[in-house]
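Pasting model03.pdb here (PDB, C-alpha atoms, pLDDT in the B column):
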ATOM      1  CA  MET A   1      17.776   0.082 -17.432  1.00 72.00           C
ATOM      2  CA  VAL A   2      14.071   0.893 -17.203  1.00 80.00           C
ATOM      3  CA  GLU A   3      13.007   2.599 -13.994  1.00 90.00           C
ATOM      4  CA  LYS A   4      10.495   0.642 -11.929  1.00 93.00           C
ATOM      5  CA  LEU A   5       6.949   1.941 -11.572  1.00 91.00           C
ATOM      6  CA  LYS A   6       6.517   3.388  -8.059  1.00 94.00           C
ATOM      7  CA  ILE A   7       3.155   2.436  -6.543  1.00 93.00           C
ATOM      8  CA  LEU A   8       1.814   3.461  -3.133  1.00 94.00           C
ATOM      9  CA  PHE A   9      -1.037   1.501  -1.536  1.00 94.00           C
ATOM     10  CA  LEU A  10      -2.818   3.827   0.897  1.00 92.00           C
ATOM     11  CA  CYS A  11      -5.362   3.011   3.608  1.00 91.00           C
ATOM     12  CA  THR A  12      -6.429   4.318   6.989  1.00 90.00           C
ATOM     13  CA  GLY A  13      -4.021   2.554   9.362  1.00 94.00           C
ATOM     14  CA  ASN A  14      -1.475   0.795   7.125  1.00 96.00           C
ATOM     15  CA  SER A  15      -2.015  -2.389   9.090  1.00 95.00           C
ATOM     16  CA  CYS A  16      -3.811  -4.844   6.815  1.00 95.00           C
ATOM     17  CA  ARG A  17      -5.166  -4.112   3.304  1.00 93.00           C
ATOM     18  CA  SER A  18      -2.410  -1.789   2.133  1.00 95.00           C
ATOM     19  CA  GLN A  19       0.255  -4.028   3.681  1.00 98.00           C
ATOM     20  CA  MET A  20      -1.165  -7.058   1.883  1.00 97.00           C
ATOM     21  CA  ALA A  21      -1.364  -5.151  -1.408  1.00 96.00           C
ATOM     22  CA  GLU A  22       2.270  -4.086  -1.052  1.00 98.00           C
ATOM     23  CA  GLY A  23       3.234  -7.683  -0.296  1.00 98.00           C
ATOM     24  CA  TRP A  24       1.420  -9.038  -3.345  1.00 97.00           C
ATOM     25  CA  ALA A  25       2.913  -6.374  -5.612  1.00 96.00           C
ATOM     26  CA  ARG A  26       6.414  -7.162  -4.368  1.00 97.00           C
ATOM     27  CA  HIS A  27       5.800 -10.910  -4.665  1.00 97.00           C
ATOM     28  CA  LEU A  28       4.303 -10.834  -8.151  1.00 96.00           C
ATOM     29  CA  LYS A  29       6.011  -7.915  -9.915  1.00 95.00           C
ATOM     30  CA  SER A  30       9.168  -6.883  -8.056  1.00 94.00           C
ATOM     31  CA  ASP A  31      10.993  -6.878 -11.386  1.00 94.00           C
ATOM     32  CA  THR A  32       8.885  -3.974 -12.706  1.00 94.00           C
ATOM     33  CA  ILE A  33       7.217  -2.411  -9.638  1.00 93.00           C
ATOM     34  CA  GLN A  34       8.609  -0.708  -6.555  1.00 97.00           C
ATOM     35  CA  ALA A  35       5.765  -1.121  -4.062  1.00 97.00           C
ATOM     36  CA  PHE A  36       5.134   0.917  -0.927  1.00 97.00           C
ATOM     37  CA  SER A  37       2.301   1.164   1.564  1.00 97.00           C
ATOM     38  CA  ALA A  38       1.285   3.827   4.045  1.00 96.00           C
ATOM     39  CA  GLY A  39      -1.691   4.976   6.043  1.00 94.00           C
ATOM     40  CA  LEU A  40      -3.303   8.176   7.117  1.00 92.00           C
ATOM     41  CA  GLU A  41      -2.129   6.871  10.507  1.00 93.00           C
ATOM     42  CA  ALA A  42       0.210   3.996  11.460  1.00 96.00           C
ATOM     43  CA  HIS A  43      -1.569   1.285  13.467  1.00 96.00           C
ATOM     44  CA  GLY A  44       1.123  -1.410  13.282  1.00 96.00           C
ATOM     45  CA  LEU A  45       1.270  -4.546  11.168  1.00 97.00           C
ATOM     46  CA  ASN A  46      -1.823  -6.709  11.744  1.00 97.00           C
ATOM     47  CA  PRO A  47      -0.809 -10.250  12.843  1.00 97.00           C
ATOM     48  CA  ASN A  48      -3.761 -11.712  10.933  1.00 97.00           C
ATOM     49  CA  ALA A  49      -2.548 -10.073   7.712  1.00 97.00           C
ATOM     50  CA  VAL A  50       0.891 -11.607   8.285  1.00 98.00           C
ATOM     51  CA  LYS A  51      -0.693 -15.025   8.901  1.00 98.00           C
ATOM     52  CA  VAL A  52      -2.914 -14.931   5.803  1.00 97.00           C
ATOM     53  CA  MET A  53      -0.021 -13.840   3.610  1.00 98.00           C
ATOM     54  CA  GLN A  54       2.219 -16.585   5.046  1.00 98.00           C
ATOM     55  CA  GLU A  55      -0.458 -19.115   4.060  1.00 98.00           C
ATOM     56  CA  GLU A  56       0.076 -17.888   0.480  1.00 97.00           C
ATOM     57  CA  GLU A  57       3.877 -17.987   0.926  1.00 98.00           C
ATOM     58  CA  VAL A  58       4.179 -14.199   0.779  1.00 98.00           C
ATOM     59  CA  ASP A  59       6.337 -12.779   3.578  1.00 98.00           C
ATOM     60  CA  ILE A  60       5.358  -9.311   4.793  1.00 98.00           C
ATOM     61  CA  THR A  61       7.038  -9.554   8.199  1.00 98.00           C
ATOM     62  CA  GLN A  62       9.760  -7.066   7.213  1.00 97.00           C
ATOM     63  CA  GLN A  63       7.275  -4.394   6.132  1.00 98.00           C
ATOM     64  CA  LYS A  64       6.529  -1.619   8.610  1.00 96.00           C
ATOM     65  CA  SER A  65       3.426   0.384   9.299  1.00 98.00           C
ATOM     66  CA  GLN A  66       4.007   4.026   8.415  1.00 97.00           C
ATOM     67  CA  CYS A  67       2.166   7.295   7.948  1.00 96.00           C
ATOM     68  CA  VAL A  68       1.852   8.792   4.492  1.00 93.00           C
ATOM     69  CA  GLU A  69       4.030  11.719   5.639  1.00 92.00           C
ATOM     70  CA  GLU A  70       6.969   9.298   5.825  1.00 95.00           C
ATOM     71  CA  VAL A  71       6.798   8.632   2.075  1.00 93.00           C
ATOM     72  CA  GLU A  72       5.499  11.972   0.771  1.00 87.00           C
ATOM     73  CA  THR A  73       8.808  12.888  -0.886  1.00 89.00           C
ATOM     74  CA  ILE A  74       8.801   9.775  -3.099  1.00 91.00           C
ATOM     75  CA  PRO A  75       7.622  10.577  -6.643  1.00 90.00           C
ATOM     76  CA  PHE A  76       4.904   7.921  -7.001  1.00 90.00           C
ATOM     77  CA  ASP A  77       3.552   7.063 -10.423  1.00 87.00           C
ATOM     78  CA  ILE A  78       0.359   5.588  -8.996  1.00 87.00           C
ATOM     79  CA  VAL A  79      -1.398   5.828  -5.629  1.00 88.00           C
ATOM     80  CA  VAL A  80      -4.030   3.180  -4.928  1.00 88.00           C
ATOM     81  CA  THR A  81      -6.434   3.941  -2.088  1.00 86.00           C
ATOM     82  CA  VAL A  82      -7.798   0.685  -0.715  1.00 85.00           C
ATOM     83  CA  CYS A  83     -10.600   2.058   1.448  1.00 78.00           C
ATOM     84  CA  GLY A  84     -13.161   4.831   1.256  1.00 73.00           C
ATOM     85  CA  HIS A  85     -11.717   6.704   4.233  1.00 70.00           C
ATOM     86  CA  ALA A  86      -8.289   6.904   2.599  1.00 67.00           C
ATOM     87  CA  ASP A  87      -9.900   8.059  -0.630  1.00 63.00           C
ATOM     88  CA  GLU A  88     -11.867  10.822   1.094  1.00 69.00           C
ATOM     89  CA  ASN A  89      -8.785  11.981   3.016  1.00 68.00           C
ATOM     90  CA  CYS A  90      -6.097  11.294   0.423  1.00 67.00           C
ATOM     91  CA  PRO A  91      -3.366  13.924   0.643  1.00 66.00           C
ATOM     92  CA  VAL A  92      -2.220  15.949  -2.330  1.00 63.00           C
ATOM     93  CA  PHE A  93       0.985  14.599  -3.845  1.00 65.00           C
ATOM     94  CA  SER A  94       3.516  17.050  -5.266  1.00 62.00           C
ATOM     95  CA  CYS A  95       4.363  14.898  -8.268  1.00 61.00           C
ATOM     96  CA  ALA A  96       2.215  13.991 -11.268  1.00 52.00           C
ATOM     97  CA  THR A  97       0.494  11.006  -9.705  1.00 62.00           C
ATOM     98  CA  THR A  98      -2.448   8.934 -10.873  1.00 64.00           C
ATOM     99  CA  ILE A  99      -4.846   8.208  -8.010  1.00 62.00           C
ATOM    100  CA  VAL A 100      -6.720   4.898  -8.278  1.00 62.00           C
ATOM    101  CA  ILE A 101      -9.667   4.470  -5.933  1.00 55.00           C
ATOM    102  CA  THR A 102     -10.411   0.917  -4.850  1.00 59.00           C
ATOM    103  CA  ASP A 103     -12.690   0.486  -1.856  1.00 56.00           C
ATOM    104  CA  LEU A 104     -11.805  -3.029  -0.720  1.00 49.00           C
ATOM    105  CA  THR A 105     -14.112  -2.714   2.284  1.00 50.00           C
ATOM    106  CA  ILE A 106     -17.094  -3.528   0.054  1.00 44.00           C
ATOM    107  CA  LEU A 107     -15.812  -6.974  -0.931  1.00 41.00           C
ATOM    108  CA  PRO A 108     -17.744  -9.937   0.507  1.00 45.00           C
ATOM    109  CA  ASN A 109     -16.022 -12.103   3.127  1.00 44.00           C
TER     110      ASN A 109
END

Transcribe the structure of this file into structure tokens.
Amino acid sequence: MVEKLKILFLCTGNSCRSQMAEGWARHLKSDTIQAFSAGLEAHGLNPNAVKVMQEEEVDITQQKSQCVEEVETIPFDIVVTVCGHADENCPVFSCATTIVITDLTILPN
């Protein structure tokens, strides 16, 4: 059995963007990806993120907002920062991890 790729989506508060990214990864590729999300802080799951994802039939209601310290022992293959603040303050991971910087805050509404 092939081990799933472990991906962490990291943002400032783990309330919206990273939660949605985790939800999409689980929804689209749960057969090959083990998705996680965390924040530099935990601000709680944003109700608007839950609503938008429900409109797309992706359920993120069981996900929880957590700080990156809560997942720091997981050997991630890839860490995706989804905002500039998370990129600038991204912690050092002990495993050989690829960091992907994606500033989703610059996307138009």

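Here, the PyMOL selection byres ((chain A and resi 49) around 9) matches Ser15, Cys16, Arg17, Gln19, Met20, Leu45, Asn46, Pro47, Asn48, Val50, Lys51, Val52, Met53, Gln54 and Ile60 of chain A.
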
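The space between atom CA of Asn14 of chain A and atom CA of Ala42 of chain A spans 5.6 Å.
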
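Evaluated against the shown file, the PyMOL selection byres ((chain A and resi 36) around 9) gives Lys6, Ile7, Leu8, Phe9, Leu10, Ser18, Gln19, Ala21, Glu22, Gly23, Ala25, Arg26, Gln34, Ala35, Ser37, Ala38 and Val71 of chain A.
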
Task: Near-Gly39 of chain A list (6 Å; all atoms listed in the file; drop same-chain fewer than 4 positions) as a PyMOL selection string - done: chain A and resi 10-14+67-68

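Taking only C-alpha atoms into account, Leu5 of chain A lies nearest to A:Ile74 out of the set A:Val82, A:Ile74, A:Leu40, A:Val58.
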